[in-house]
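J.: What follows is the file structure-v4.cif, containing mmCIF, C-alpha atoms:
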data_work
loop_
_atom_site.label_atom_id
_atom_site.label_comp_id
_atom_site.auth_asym_id
_atom_site.auth_seq_id
_atom_site.Cartn_x
_atom_site.Cartn_y
_atom_site.Cartn_z
CA MET L 1 -45.98 -9.82 -78.24
CA GLN L 2 -45.76 -12.95 -76.08
CA ILE L 3 -45.06 -12.04 -72.44
CA LYS L 4 -43.99 -14.64 -69.91
CA ILE L 5 -45.59 -14.11 -66.49
CA LYS L 6 -44.11 -15.77 -63.40
CA TYR L 7 -46.02 -16.26 -60.15
CA PHE L 8 -44.67 -16.89 -56.66
CA GLY L 9 -45.90 -18.00 -53.26
CA MET L 10 -49.63 -17.82 -52.56
CA LEU L 11 -50.28 -16.39 -56.04
CA THR L 12 -49.53 -19.80 -57.56
CA GLU L 13 -52.64 -21.09 -55.77
CA ILE L 14 -54.79 -18.64 -57.72
CA THR L 15 -53.16 -19.23 -61.07
CA ASN L 16 -52.55 -22.94 -60.51
CA CYS L 17 -49.22 -22.53 -62.23
CA GLN L 18 -45.82 -20.98 -61.67
CA GLU L 19 -45.67 -19.36 -65.05
CA GLY L 20 -47.73 -18.68 -68.13
CA THR L 21 -47.67 -16.54 -71.25
CA ILE L 22 -50.09 -13.91 -72.47
CA ASP L 23 -50.35 -12.10 -75.75
CA PHE L 24 -49.93 -8.40 -75.12
CA SER L 25 -49.97 -5.36 -77.41
CA GLY L 26 -50.24 -2.55 -74.83
CA ILE L 27 -47.63 -0.19 -73.34
CA TYR L 28 -48.02 -0.08 -69.57
CA ILE L 29 -47.75 -2.67 -66.81
CA SER L 30 -51.23 -1.60 -65.65
CA GLU L 31 -52.68 -2.74 -68.97
CA LEU L 32 -51.01 -6.09 -68.58
CA LEU L 33 -52.50 -6.42 -65.09
CA GLU L 34 -55.99 -5.74 -66.47
CA ILE L 35 -55.62 -8.75 -68.75
CA LEU L 36 -54.45 -10.89 -65.80
CA TYR L 37 -57.41 -9.74 -63.68
CA VAL L 38 -59.75 -10.97 -66.39
CA LYS L 39 -57.94 -14.30 -66.56
CA TYR L 40 -57.66 -14.67 -62.73
CA PRO L 41 -60.39 -12.53 -61.09
CA SER L 42 -59.36 -13.38 -57.52
CA LEU L 43 -55.90 -11.87 -58.16
CA LYS L 44 -57.63 -8.52 -57.57
CA ASN L 45 -58.10 -9.33 -53.90
CA LYS L 46 -54.47 -10.28 -53.38
CA GLU L 47 -51.64 -8.05 -52.29
CA PHE L 48 -48.69 -8.32 -54.67
CA GLN L 49 -45.90 -6.37 -56.32
CA VAL L 50 -44.71 -6.52 -59.93
CA ALA L 51 -41.07 -6.97 -60.93
CA GLN L 52 -39.58 -6.26 -64.35
CA ASN L 53 -35.86 -6.87 -64.93
CA GLN L 54 -35.56 -7.82 -61.24
CA GLN L 55 -36.80 -4.39 -60.17
CA LEU L 56 -40.13 -3.60 -58.54
CA VAL L 57 -42.23 -1.43 -60.85
CA SER L 58 -45.57 0.42 -60.67
CA GLY L 59 -48.54 0.19 -63.02
CA LYS L 60 -47.39 3.39 -64.71
CA THR L 61 -44.13 1.79 -65.82
CA LYS L 62 -43.79 0.91 -69.48
CA LEU L 63 -43.30 -2.72 -70.29
CA ASN L 64 -39.78 -3.20 -71.64
CA SER L 65 -39.15 -6.88 -71.00
CA ASN L 66 -40.75 -10.08 -72.22
CA GLU L 67 -40.86 -11.41 -68.66
CA ILE L 68 -42.91 -10.01 -65.78
CA VAL L 69 -42.97 -11.42 -62.25
CA LEU L 70 -45.79 -11.19 -59.68
CA LEU L 71 -44.59 -11.29 -56.07
CA PRO L 72 -46.79 -11.64 -52.97
CA PRO L 73 -45.59 -10.13 -49.64
CA PHE L 74 -42.05 -11.29 -48.80
CA SER L 75 -41.65 -13.63 -45.84
CA GLY L 76 -38.03 -14.73 -45.75
CA GLY L 77 -35.98 -15.42 -42.63
CA MET M 1 -7.90 -7.20 13.06
CA GLN M 2 -6.13 -8.99 10.23
CA ILE M 3 -7.60 -7.98 6.89
CA LYS M 4 -6.85 -9.92 3.72
CA ILE M 5 -6.36 -7.66 0.69
CA LYS M 6 -6.59 -9.10 -2.83
CA TYR M 7 -5.17 -7.37 -5.91
CA PHE M 8 -6.04 -7.92 -9.56
CA GLY M 9 -4.70 -7.01 -12.99
CA MET M 10 -2.19 -4.20 -13.26
CA LEU M 11 -2.37 -3.59 -9.49
CA THR M 12 -0.45 -6.82 -8.89
CA GLU M 13 2.52 -5.17 -10.63
CA ILE M 14 2.59 -2.46 -7.96
CA THR M 15 2.12 -4.77 -5.01
CA ASN M 16 4.17 -7.62 -6.48
CA CYS M 17 1.63 -10.01 -5.04
CA GLN M 18 -1.96 -11.14 -5.57
CA GLU M 19 -2.88 -10.91 -1.93
CA GLY M 20 -1.55 -9.76 1.43
CA THR M 21 -2.76 -9.04 4.92
CA ILE M 22 -2.67 -5.87 6.95
CA ASP M 23 -3.41 -5.19 10.57
CA PHE M 24 -6.31 -2.76 10.79
CA SER M 25 -8.13 -1.15 13.70
CA GLY M 26 -10.12 1.57 11.88
CA ILE M 27 -13.75 1.76 10.78
CA TYR M 28 -13.91 2.98 7.17
CA ILE M 29 -12.59 1.64 3.87
CA SER M 30 -10.90 5.04 3.34
CA GLU M 31 -8.77 4.46 6.43
CA LEU M 32 -7.71 1.10 5.10
CA LEU M 33 -6.74 2.71 1.79
CA GLU M 34 -4.54 5.23 3.62
CA ILE M 35 -2.55 2.37 5.06
CA LEU M 36 -2.21 0.79 1.62
CA TYR M 37 -1.05 4.09 0.11
CA VAL M 38 1.75 4.19 2.68
CA LYS M 39 2.71 0.63 1.89
CA TYR M 40 2.40 1.07 -1.92
CA PRO M 41 2.77 4.79 -2.75
CA SER M 42 2.28 4.35 -6.50
CA LEU M 43 -1.19 2.89 -5.86
CA LYS M 44 -2.30 6.52 -5.48
CA ASN M 45 -1.74 7.15 -9.19
CA LYS M 46 -3.76 4.13 -10.25
CA GLU M 47 -7.43 3.99 -11.06
CA PHE M 48 -9.15 1.23 -9.09
CA GLN M 49 -12.35 0.29 -7.30
CA VAL M 50 -12.78 -1.48 -3.98
CA ALA M 51 -15.02 -4.50 -3.45
CA GLN M 52 -16.28 -5.84 -0.13
CA ASN M 53 -18.50 -8.90 -0.06
CA GLN M 54 -18.41 -8.93 -3.87
CA GLN M 55 -19.96 -5.46 -4.02
CA LEU M 56 -18.22 -2.26 -5.09
CA VAL M 57 -17.99 0.13 -2.13
CA SER M 58 -16.84 3.72 -1.57
CA GLY M 59 -14.31 5.05 0.93
CA LYS M 60 -17.21 6.09 3.20
CA THR M 61 -18.35 2.49 3.58
CA LYS M 62 -17.64 0.80 6.88
CA LEU M 63 -15.45 -2.24 6.80
CA ASN M 64 -17.54 -5.30 7.66
CA SER M 65 -15.56 -8.13 6.12
CA ASN M 66 -12.09 -9.53 6.69
CA GLU M 67 -11.43 -9.53 2.96
CA ILE M 68 -11.19 -6.50 0.69
CA VAL M 69 -10.49 -6.61 -3.03
CA LEU M 70 -8.84 -3.93 -5.19
CA LEU M 71 -9.98 -3.96 -8.82
CA PRO M 72 -8.43 -1.97 -11.68
CA PRO M 73 -10.64 -0.96 -14.68
CA PHE M 74 -12.47 -3.97 -16.08
CA SER M 75 -11.46 -5.16 -19.52
CA GLY M 76 -13.36 -8.36 -20.23
CA GLY M 77 -14.65 -9.51 -23.59
CA MET U 1 -22.38 -12.91 0.80
CA SER U 2 -25.11 -14.23 -1.48
CA ASP U 3 -26.43 -17.73 -0.96
CA LYS U 4 -27.57 -18.05 -4.56
CA LYS U 5 -25.80 -20.80 -6.43
CA THR U 6 -24.01 -19.20 -9.34
CA LYS U 7 -23.12 -20.98 -12.52
CA ASN U 8 -19.48 -20.85 -13.59
CA VAL U 9 -19.28 -18.79 -16.74
CA PHE U 10 -15.53 -19.21 -17.20
CA ILE U 11 -13.77 -21.53 -19.62
CA GLN U 12 -10.01 -22.16 -19.50
CA GLY U 13 -8.44 -20.87 -22.69
CA ALA U 14 -10.14 -20.05 -25.99
CA ILE U 15 -13.79 -20.86 -26.76
CA SER U 16 -13.79 -23.24 -29.73
CA SER U 17 -16.01 -22.99 -32.79
CA GLU U 18 -17.11 -26.61 -32.11
CA PHE U 19 -18.35 -25.58 -28.67
CA ILE U 20 -20.36 -22.76 -30.26
CA GLY U 21 -21.74 -25.07 -32.98
CA ASP U 22 -22.78 -27.63 -30.35
CA SER U 23 -24.47 -24.94 -28.32
CA ILE U 24 -26.49 -23.88 -31.38
CA ALA U 25 -27.44 -27.51 -32.10
CA LYS U 26 -28.82 -27.96 -28.57
CA HIS U 27 -31.49 -25.36 -29.30
CA GLN U 28 -33.17 -27.31 -32.09
CA THR U 29 -35.56 -28.98 -29.66
CA LYS U 30 -36.74 -25.57 -28.41
CA THR U 31 -39.29 -24.94 -31.12
CA SER U 32 -40.76 -21.76 -29.64
CA ILE U 33 -37.53 -20.01 -30.63
CA GLY U 34 -37.67 -17.96 -33.83
CA ALA U 35 -34.47 -15.94 -33.51
CA HIS U 36 -31.01 -16.40 -32.06
CA ASN U 37 -28.42 -13.68 -31.71
CA ILE U 38 -24.82 -14.50 -30.89
CA PHE U 39 -21.99 -12.16 -29.93
CA LEU U 40 -18.41 -13.40 -30.13
CA GLY U 41 -15.46 -11.42 -28.84
CA GLN U 42 -12.25 -12.30 -30.70
CA VAL U 43 -8.71 -11.33 -29.67
CA ARG U 44 -7.34 -8.72 -32.08
CA ALA U 45 -3.69 -8.64 -33.12
CA ASP U 46 -3.49 -4.89 -32.52
CA VAL U 47 -0.21 -3.17 -33.28
CA VAL U 48 1.01 -0.72 -30.62
CA ASN U 49 4.39 1.01 -31.10
CA ASN U 50 5.31 -1.50 -33.80
CA LYS U 51 4.62 -4.47 -31.52
CA ARG U 52 1.83 -6.89 -32.32
CA VAL U 53 -0.49 -8.42 -29.72
CA SER U 54 -0.10 -12.20 -29.92
CA ALA U 55 -2.49 -13.15 -27.10
CA ILE U 56 -4.52 -11.87 -24.18
CA GLU U 57 -4.21 -13.46 -20.76
CA TYR U 58 -7.45 -13.12 -18.83
CA THR U 59 -7.77 -13.12 -15.07
CA ALA U 60 -10.91 -12.42 -13.07
CA TYR U 61 -12.16 -11.91 -9.56
CA GLU U 62 -14.09 -15.10 -10.21
CA ASP U 63 -16.59 -15.17 -7.35
CA MET U 64 -17.73 -11.61 -7.95
CA ALA U 65 -17.63 -12.08 -11.73
CA ASN U 66 -19.86 -15.15 -11.62
CA ALA U 67 -22.26 -13.33 -9.29
CA LYS U 68 -22.31 -10.34 -11.69
CA PHE U 69 -22.95 -12.61 -14.67
CA GLN U 70 -25.87 -14.05 -12.69
CA GLU U 71 -27.22 -10.56 -11.98
CA ILE U 72 -26.93 -9.66 -15.65
CA ARG U 73 -28.78 -12.86 -16.59
CA LYS U 74 -31.55 -12.10 -14.14
CA ALA U 75 -31.90 -8.49 -15.29
CA ALA U 76 -32.02 -9.56 -18.95
CA PHE U 77 -34.68 -12.22 -18.34
CA GLU U 78 -36.76 -9.63 -16.46
CA LYS U 79 -36.33 -6.97 -19.13
CA PHE U 80 -36.70 -9.08 -22.30
CA GLU U 81 -38.90 -11.99 -23.38
CA LEU U 82 -36.03 -14.46 -23.76
CA THR U 83 -36.33 -18.22 -24.14
CA CYS U 84 -32.72 -18.78 -23.16
CA MET U 85 -29.40 -17.10 -22.60
CA HIS U 86 -25.85 -18.41 -22.34
CA ILE U 87 -22.67 -16.55 -21.43
CA TYR U 88 -19.11 -17.92 -21.53
CA HIS U 89 -15.86 -16.02 -20.96
CA SER U 90 -12.30 -17.27 -21.26
CA LEU U 91 -9.73 -17.29 -18.50
CA GLY U 92 -6.00 -17.68 -19.10
CA MET U 93 -4.32 -17.38 -22.49
CA VAL U 94 -6.32 -16.74 -25.66
CA ASN U 95 -4.33 -16.25 -28.86
CA ALA U 96 -5.05 -13.55 -31.43
CA GLY U 97 -7.86 -14.78 -33.70
CA GLU U 98 -9.36 -16.96 -30.98
CA ILE U 99 -12.66 -16.34 -29.21
CA CYS U 100 -12.76 -15.11 -25.60
CA LEU U 101 -16.44 -14.17 -25.12
CA PHE U 102 -19.58 -16.00 -26.28
CA VAL U 103 -23.00 -14.55 -25.53
CA PHE U 104 -26.04 -16.34 -26.95
CA VAL U 105 -29.67 -15.20 -26.62
CA SER U 106 -32.80 -16.76 -28.08
CA SER U 107 -36.40 -15.59 -28.26
CA PRO U 108 -39.54 -16.13 -30.31
CA HIS U 109 -38.89 -12.77 -32.03
CA ARG U 110 -35.93 -11.02 -33.58
CA LYS U 111 -36.43 -7.52 -32.15
CA THR U 112 -36.06 -8.98 -28.68
CA VAL U 113 -32.75 -10.72 -29.34
CA PHE U 114 -31.19 -7.64 -30.92
CA GLU U 115 -32.06 -5.47 -27.92
CA ALA U 116 -31.17 -8.09 -25.34
CA LEU U 117 -27.79 -9.05 -26.78
CA GLU U 118 -26.46 -5.50 -26.92
CA PHE U 119 -27.72 -4.81 -23.39
CA ILE U 120 -26.01 -7.92 -22.04
CA VAL U 121 -22.67 -7.41 -23.82
CA GLU U 122 -22.43 -3.77 -22.72
CA ASP U 123 -23.29 -4.79 -19.17
CA ILE U 124 -20.57 -7.45 -19.17
CA LYS U 125 -17.95 -5.04 -20.50
CA ALA U 126 -18.84 -2.41 -17.89
CA HIS U 127 -19.56 -4.42 -14.75
CA VAL U 128 -17.78 -7.77 -14.69
CA PRO U 129 -14.35 -7.82 -12.97
CA VAL U 130 -12.31 -9.44 -15.73
CA PHE U 131 -8.85 -8.18 -16.67
CA GLY U 132 -7.08 -8.64 -19.98
CA LYS U 133 -3.29 -8.52 -20.24
CA GLU U 134 -2.25 -8.03 -23.86
CA ILE U 135 0.89 -10.01 -24.54
CA PHE U 136 3.07 -8.78 -27.40
CA GLU U 137 5.18 -10.97 -29.65
CA ASP U 138 8.34 -9.93 -27.73
CA ASN U 139 6.68 -11.04 -24.46
CA SER U 140 6.25 -7.52 -23.17
CA HIS U 141 2.70 -6.60 -22.24
CA GLN U 142 0.14 -3.88 -21.58
CA TRP U 143 -3.17 -3.98 -19.75
CA LYS U 144 -6.19 -3.93 -22.00
CA VAL U 145 -8.60 -1.01 -21.61
CA ASN U 146 -12.25 -1.33 -22.69
CA ASN U 147 -14.00 1.57 -24.35
CA MET D 1 -30.68 -7.70 -66.50
CA SER D 2 -27.59 -6.95 -64.41
CA ASP D 3 -24.20 -8.11 -65.59
CA LYS D 4 -22.77 -8.21 -62.05
CA LYS D 5 -21.90 -11.69 -60.93
CA THR D 6 -24.00 -12.43 -57.88
CA LYS D 7 -23.09 -14.98 -55.27
CA ASN D 8 -25.70 -17.62 -54.53
CA VAL D 9 -26.95 -17.08 -51.00
CA PHE D 10 -29.34 -20.04 -51.03
CA ILE D 11 -28.78 -23.41 -49.40
CA GLN D 12 -31.09 -26.39 -50.02
CA GLY D 13 -32.83 -27.31 -46.77
CA ALA D 14 -31.82 -26.36 -43.22
CA ILE D 15 -28.55 -24.63 -42.33
CA SER D 16 -26.64 -26.98 -40.02
CA SER D 17 -24.91 -26.01 -36.78
CA GLU D 18 -21.70 -27.59 -38.19
CA PHE D 19 -21.84 -25.24 -41.14
CA ILE D 20 -22.15 -22.29 -38.75
CA GLY D 21 -19.32 -23.58 -36.53
CA ASP D 22 -17.07 -24.03 -39.59
CA SER D 23 -17.88 -20.55 -40.75
CA ILE D 24 -16.84 -19.15 -37.35
CA ALA D 25 -13.61 -21.19 -37.41
CA LYS D 26 -12.64 -19.73 -40.80
CA HIS D 27 -12.41 -16.27 -39.23
CA GLN D 28 -9.60 -17.13 -36.83
CA THR D 29 -6.95 -16.09 -39.35
CA LYS D 30 -8.52 -12.64 -39.64
CA THR D 31 -6.85 -11.10 -36.62
CA SER D 32 -8.09 -7.55 -37.16
CA ILE D 33 -11.54 -8.78 -36.10
CA GLY D 34 -12.53 -8.01 -32.50
CA ALA D 35 -16.27 -8.72 -32.64
CA HIS D 36 -18.60 -11.06 -34.50
CA ASN D 37 -22.37 -10.85 -34.44
CA ILE D 38 -24.50 -13.69 -35.78
CA PHE D 39 -28.23 -13.77 -36.43
CA LEU D 40 -29.96 -17.12 -36.86
CA GLY D 41 -33.58 -17.45 -37.92
CA GLN D 42 -35.12 -20.69 -36.63
CA VAL D 43 -38.45 -22.20 -37.74
CA ARG D 44 -40.98 -21.88 -34.92
CA ALA D 45 -43.59 -24.57 -34.24
CA ASP D 46 -46.35 -21.96 -33.96
CA VAL D 47 -49.84 -23.19 -33.13
CA VAL D 48 -52.66 -21.70 -35.25
CA ASN D 49 -56.25 -22.90 -34.70
CA ASN D 50 -54.93 -25.91 -32.75
CA LYS D 51 -52.63 -26.96 -35.58
CA ARG D 52 -48.89 -26.91 -35.14
CA VAL D 53 -46.39 -25.78 -37.78
CA SER D 54 -44.09 -28.70 -38.53
CA ALA D 55 -41.97 -27.07 -41.26
CA ILE D 56 -41.65 -24.10 -43.58
CA GLU D 57 -41.13 -24.60 -47.29
CA TYR D 58 -39.20 -21.70 -48.77
CA THR D 59 -39.32 -20.60 -52.38
CA ALA D 60 -37.71 -17.50 -53.86
CA TYR D 61 -37.50 -15.48 -57.01
CA GLU D 62 -33.86 -16.51 -56.95
CA ASP D 63 -32.28 -14.19 -59.50
CA MET D 64 -33.82 -11.10 -57.98
CA ALA D 65 -33.21 -12.36 -54.43
CA ASN D 66 -29.50 -12.96 -55.05
CA ALA D 67 -29.24 -9.51 -56.64
CA LYS D 68 -31.00 -7.98 -53.61
CA PHE D 69 -28.71 -9.82 -51.20
CA GLN D 70 -25.81 -8.37 -53.17
CA GLU D 71 -27.27 -4.85 -52.91
CA ILE D 72 -27.74 -5.29 -49.17
CA ARG D 73 -24.11 -6.48 -48.83
CA LYS D 74 -22.87 -3.49 -50.78
CA ALA D 75 -24.96 -1.02 -48.76
CA ALA D 76 -23.80 -2.54 -45.47
CA PHE D 77 -20.11 -2.41 -46.43
CA GLU D 78 -20.54 1.24 -47.43
CA LYS D 79 -22.42 2.14 -44.26
CA PHE D 80 -20.42 0.21 -41.68
CA GLU D 81 -16.73 -0.55 -41.10
CA LEU D 82 -17.09 -4.30 -41.59
CA THR D 83 -14.26 -6.80 -42.07
CA CYS D 84 -16.58 -9.42 -43.50
CA MET D 85 -20.18 -10.39 -43.96
CA HIS D 86 -21.91 -13.67 -44.87
CA ILE D 87 -25.55 -14.33 -45.61
CA TYR D 88 -27.20 -17.73 -46.18
CA HIS D 89 -30.90 -18.49 -46.61
CA SER D 90 -32.61 -21.85 -46.94
CA LEU D 91 -34.73 -22.97 -49.87
CA GLY D 92 -37.10 -25.92 -49.72
CA MET D 93 -38.21 -27.65 -46.53
CA VAL D 94 -36.88 -26.60 -43.13
CA ASN D 95 -38.35 -28.37 -40.11
CA ALA D 96 -39.42 -26.64 -36.91
CA GLY D 97 -36.33 -26.11 -34.74
CA GLU D 98 -34.02 -25.93 -37.74
CA ILE D 99 -32.21 -22.85 -38.98
CA CYS D 100 -33.31 -21.07 -42.17
CA LEU D 101 -31.34 -17.79 -42.08
CA PHE D 102 -27.72 -17.20 -41.09
CA VAL D 103 -26.30 -13.68 -41.14
CA PHE D 104 -22.75 -13.18 -39.90
CA VAL D 105 -20.92 -9.85 -39.61
CA SER D 106 -17.44 -9.13 -38.26
CA SER D 107 -15.60 -5.92 -37.45
CA PRO D 108 -12.77 -4.62 -35.31
CA HIS D 109 -15.37 -3.15 -32.90
CA ARG D 110 -18.56 -4.33 -31.26
CA LYS D 111 -20.73 -1.22 -31.78
CA THR D 112 -20.32 -1.68 -35.53
CA VAL D 113 -21.47 -5.29 -35.61
CA PHE D 114 -24.57 -4.60 -33.51
CA GLU D 115 -25.70 -1.80 -35.81
CA ALA D 116 -24.80 -3.60 -39.01
CA LEU D 117 -26.47 -6.92 -38.18
CA GLU D 118 -29.84 -5.40 -37.32
CA PHE D 119 -29.71 -3.22 -40.45
CA ILE D 120 -28.97 -6.23 -42.66
CA VAL D 121 -31.57 -8.57 -41.14
CA GLU D 122 -34.34 -5.95 -41.36
CA ASP D 123 -33.36 -5.22 -44.96
CA ILE D 124 -33.51 -8.93 -45.85
CA LYS D 125 -36.94 -9.36 -44.25
CA ALA D 126 -38.32 -6.30 -46.07
CA HIS D 127 -36.74 -6.47 -49.51
CA VAL D 128 -35.75 -9.98 -50.53
CA PRO D 129 -38.37 -11.95 -52.52
CA VAL D 130 -38.48 -15.12 -50.44
CA PHE D 131 -41.76 -16.83 -49.58
CA GLY D 132 -42.42 -19.13 -46.64
CA LYS D 133 -45.20 -21.71 -46.72
CA GLU D 134 -45.95 -22.91 -43.19
CA ILE D 135 -46.82 -26.59 -43.29
CA PHE D 136 -48.96 -27.90 -40.44
CA GLU D 137 -48.77 -31.40 -38.98
CA ASP D 138 -51.95 -32.39 -40.88
CA ASN D 139 -50.30 -31.27 -44.17
CA SER D 140 -52.54 -28.23 -44.51
CA HIS D 141 -50.67 -24.94 -44.89
CA GLN D 142 -50.74 -21.15 -44.64
CA TRP D 143 -48.46 -18.52 -46.13
CA LYS D 144 -46.08 -16.95 -43.65
CA VAL D 145 -46.35 -13.20 -43.10
CA ASN D 146 -43.39 -11.19 -41.79
CA ASN D 147 -43.91 -8.39 -39.31
#
As structure tokens, what does this structure read like?
T.:
Amino acid sequence: MQIKIKYFGMLTEITNCQEGTIDFSGIYISELLEILYVKYPSLKNKEFQVAQNQQLVSGKTKLNSNEIVLLPPFSGG
Amino acid sequence: MQIKIKYFGMLTEITNCQEGTIDFSGIYISELLEILYVKYPSLKNKEFQVAQNQQLVSGKTKLNSNEIVLLPPFSGG
Amino acid sequence: MSDKKTKNVFIQGAISSEFIGDSIAKHQTKTSIGAHNIFLGQVRADVVNNKRVSAIEYTAYEDMANAKFQEIRKAAFEKFELTCMHIYHSLGMVNAGEICLFVFVSSPHRKTVFEALEFIVEDIKAHVPVFGKEIFEDNSHQWKVNN
Amino acid sequence: MSDKKTKNVFIQGAISSEFIGDSIAKHQTKTSIGAHNIFLGQVRADVVNNKRVSAIEYTAYEDMANAKFQEIRKAAFEKFELTCMHIYHSLGMVNAGEICLFVFVSSPHRKTVFEALEFIVEDIKAHVPVFGKEIFEDNSHQWKVNN
């Protein structure tokens, strides 16, 4: 399955893009992250949260959307 | 000694004036209040504070100004 | 009895939204500020015994009130890391829906302004000799009581 | 994924003092209001390693942010007796000294607005996916961190 991945804030400086797609056949978010860590090794050293369907999710969550969003620490206001 | 007495807020409805003078030969604020209670009996039923030199004072304070101010409960803002 | 010069905090009539907007605009050159907190007191059209408040007429023991405002300012600057502070209070008639109190604090950090603003507003309500006469639509009145 | 219509909280660029003044003016017909409390976030010209912040560029995961703002609104109305509440946040460039966050709560009583405003602002800072890029005068940058 093609999954769209969106990146925000400082993460876009690691990926050099605001979004990309990866081909994914696993079940869990954690598996998806493993693929991203291979593609962008320095992502491992960054603090970020993962959102699916506009909700923050953990690695143990099952993927149930074709869009996943990586969010660095919030700094609004 | 002639003492000027100023009244504010609801107290002006008892005294029918915003200021008046009384002739006073005592020492303490409490003595001055006794004279005012004779002049305006319903003042006794009203809650108020006394200011001398822009400071709130008690009945035990000695009079040391020729102006005394009677202040009902504050209701600014 | 104090020799300190005290700023006049009072404004005749309501405090306009333009005045408040202008006051905010004046802070854009103060670039150490990160957070502003503004309190506005507005005259409520309370209904008492089927009569509606149409306005409040404010009077004050002005000399003492201005001195108290100055004391409150001083205490707040000592207690909190504030960049600036402004206080304005209406005198005379303020209609229901209009603004009668404007307190404005600014600081590098938000925690400071939250603490400072509440401290200042409570201090004003408790210690400044201002008196509100609530005027009803039939021109009768009652004296406002703070709580 | 939510079907709820969510209001757009974002404004392109700085939030002007006129906008804030107009927003205050619009509340003068709501005569059950006795107290307003306004929080304004302003971009600080912080100095880091001898370089001064000249602006912050804000980006956001807008769909999720608007949904979060909506959740915060809902929670605040449930928790506090508020008459109204408005939240605006900047996107894009906001220069030092300009306003990037405007939170406005109104209630019959002052205690309510103090509690509600702090609750809402802290919730926004912690839970809304907005990202600030601090731009220095030499065009280098660092990513803002809230604390």
J.: Place a sphere of radius 12 Å on (-51.4, -28.9, -43.4) in the file coordinates and name every protein, DNA or RNA residue with an atom inside or on its surface, counting all atoms listed in the file; give the answer as a ChimeraX atom specification.
T.: /D:47-57,133-143
J.: Extract, using all atoms listed in the file, all DNA, RNA and protein residues at most 9 Å from Asn64 in chain L, discarding same-chain residues fewer than 3 positions from it, and format them as a ChimeraX atom specification.
T.: /L:27,52-53,61,67
J.: Could you tell me how far CA of Leu33 in chain M lies from CA of Gln2 in chain M, in Å and to one decimal?
T.: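 Taking CA of Leu33 in chain M as the start and CA of Gln2 in chain M as the end point, the length is 14.4 Å.
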J.: Running the PyMOL selection byres ((chain L and resi 6-9) around 10) on this model by hand, what would come out? Give it as a PyMOL selection string.
T.: (chain L and resi 3-5+10-21+48+50-51+67-75) or (chain D and resi 58-61+129-133+143-144)
J.: Could the residues in this selection be written to a file with C-alpha atoms, as a PDB file, in the coordinates of the input?
T.:
ATOM      1  CA  ILE L   3     -45.060 -12.040 -72.440  1.00  0.00           C
ATOM      2  CA  LYS L   4     -43.990 -14.640 -69.910  1.00  0.00           C
ATOM      3  CA  ILE L   5     -45.590 -14.110 -66.490  1.00  0.00           C
ATOM      4  CA  MET L  10     -49.630 -17.820 -52.560  1.00  0.00           C
ATOM      5  CA  LEU L  11     -50.280 -16.390 -56.040  1.00  0.00           C
ATOM      6  CA  THR L  12     -49.530 -19.800 -57.560  1.00  0.00           C
ATOM      7  CA  GLU L  13     -52.640 -21.090 -55.770  1.00  0.00           C
ATOM      8  CA  ILE L  14     -54.790 -18.640 -57.720  1.00  0.00           C
ATOM      9  CA  THR L  15     -53.160 -19.230 -61.070  1.00  0.00           C
ATOM     10  CA  ASN L  16     -52.550 -22.940 -60.510  1.00  0.00           C
ATOM     11  CA  CYS L  17     -49.220 -22.530 -62.230  1.00  0.00           C
ATOM     12  CA  GLN L  18     -45.820 -20.980 -61.670  1.00  0.00           C
ATOM     13  CA  GLU L  19     -45.670 -19.360 -65.050  1.00  0.00           C
ATOM     14  CA  GLY L  20     -47.730 -18.680 -68.130  1.00  0.00           C
ATOM     15  CA  THR L  21     -47.670 -16.540 -71.250  1.00  0.00           C
ATOM     16  CA  PHE L  48     -48.690  -8.320 -54.670  1.00  0.00           C
ATOM     17  CA  VAL L  50     -44.710  -6.520 -59.930  1.00  0.00           C
ATOM     18  CA  ALA L  51     -41.070  -6.970 -60.930  1.00  0.00           C
ATOM     19  CA  GLU L  67     -40.860 -11.410 -68.660  1.00  0.00           C
ATOM     20  CA  ILE L  68     -42.910 -10.010 -65.780  1.00  0.00           C
ATOM     21  CA  VAL L  69     -42.970 -11.420 -62.250  1.00  0.00           C
ATOM     22  CA  LEU L  70     -45.790 -11.190 -59.680  1.00  0.00           C
ATOM     23  CA  LEU L  71     -44.590 -11.290 -56.070  1.00  0.00           C
ATOM     24  CA  PRO L  72     -46.790 -11.640 -52.970  1.00  0.00           C
ATOM     25  CA  PRO L  73     -45.590 -10.130 -49.640  1.00  0.00           C
ATOM     26  CA  PHE L  74     -42.050 -11.290 -48.800  1.00  0.00           C
ATOM     27  CA  SER L  75     -41.650 -13.630 -45.840  1.00  0.00           C
TER      28      SER L  75
ATOM     29  CA  TYR D  58     -39.200 -21.700 -48.770  1.00  0.00           C
ATOM     30  CA  THR D  59     -39.320 -20.600 -52.380  1.00  0.00           C
ATOM     31  CA  ALA D  60     -37.710 -17.500 -53.860  1.00  0.00           C
ATOM     32  CA  TYR D  61     -37.500 -15.480 -57.010  1.00  0.00           C
ATOM     33  CA  PRO D 129     -38.370 -11.950 -52.520  1.00  0.00           C
ATOM     34  CA  VAL D 130     -38.480 -15.120 -50.440  1.00  0.00           C
ATOM     35  CA  PHE D 131     -41.760 -16.830 -49.580  1.00  0.00           C
ATOM     36  CA  GLY D 132     -42.420 -19.130 -46.640  1.00  0.00           C
ATOM     37  CA  LYS D 133     -45.200 -21.710 -46.720  1.00  0.00           C
ATOM     38  CA  TRP D 143     -48.460 -18.520 -46.130  1.00  0.00           C
ATOM     39  CA  LYS D 144     -46.080 -16.950 -43.650  1.00  0.00           C
TER      40      LYS D 144
END
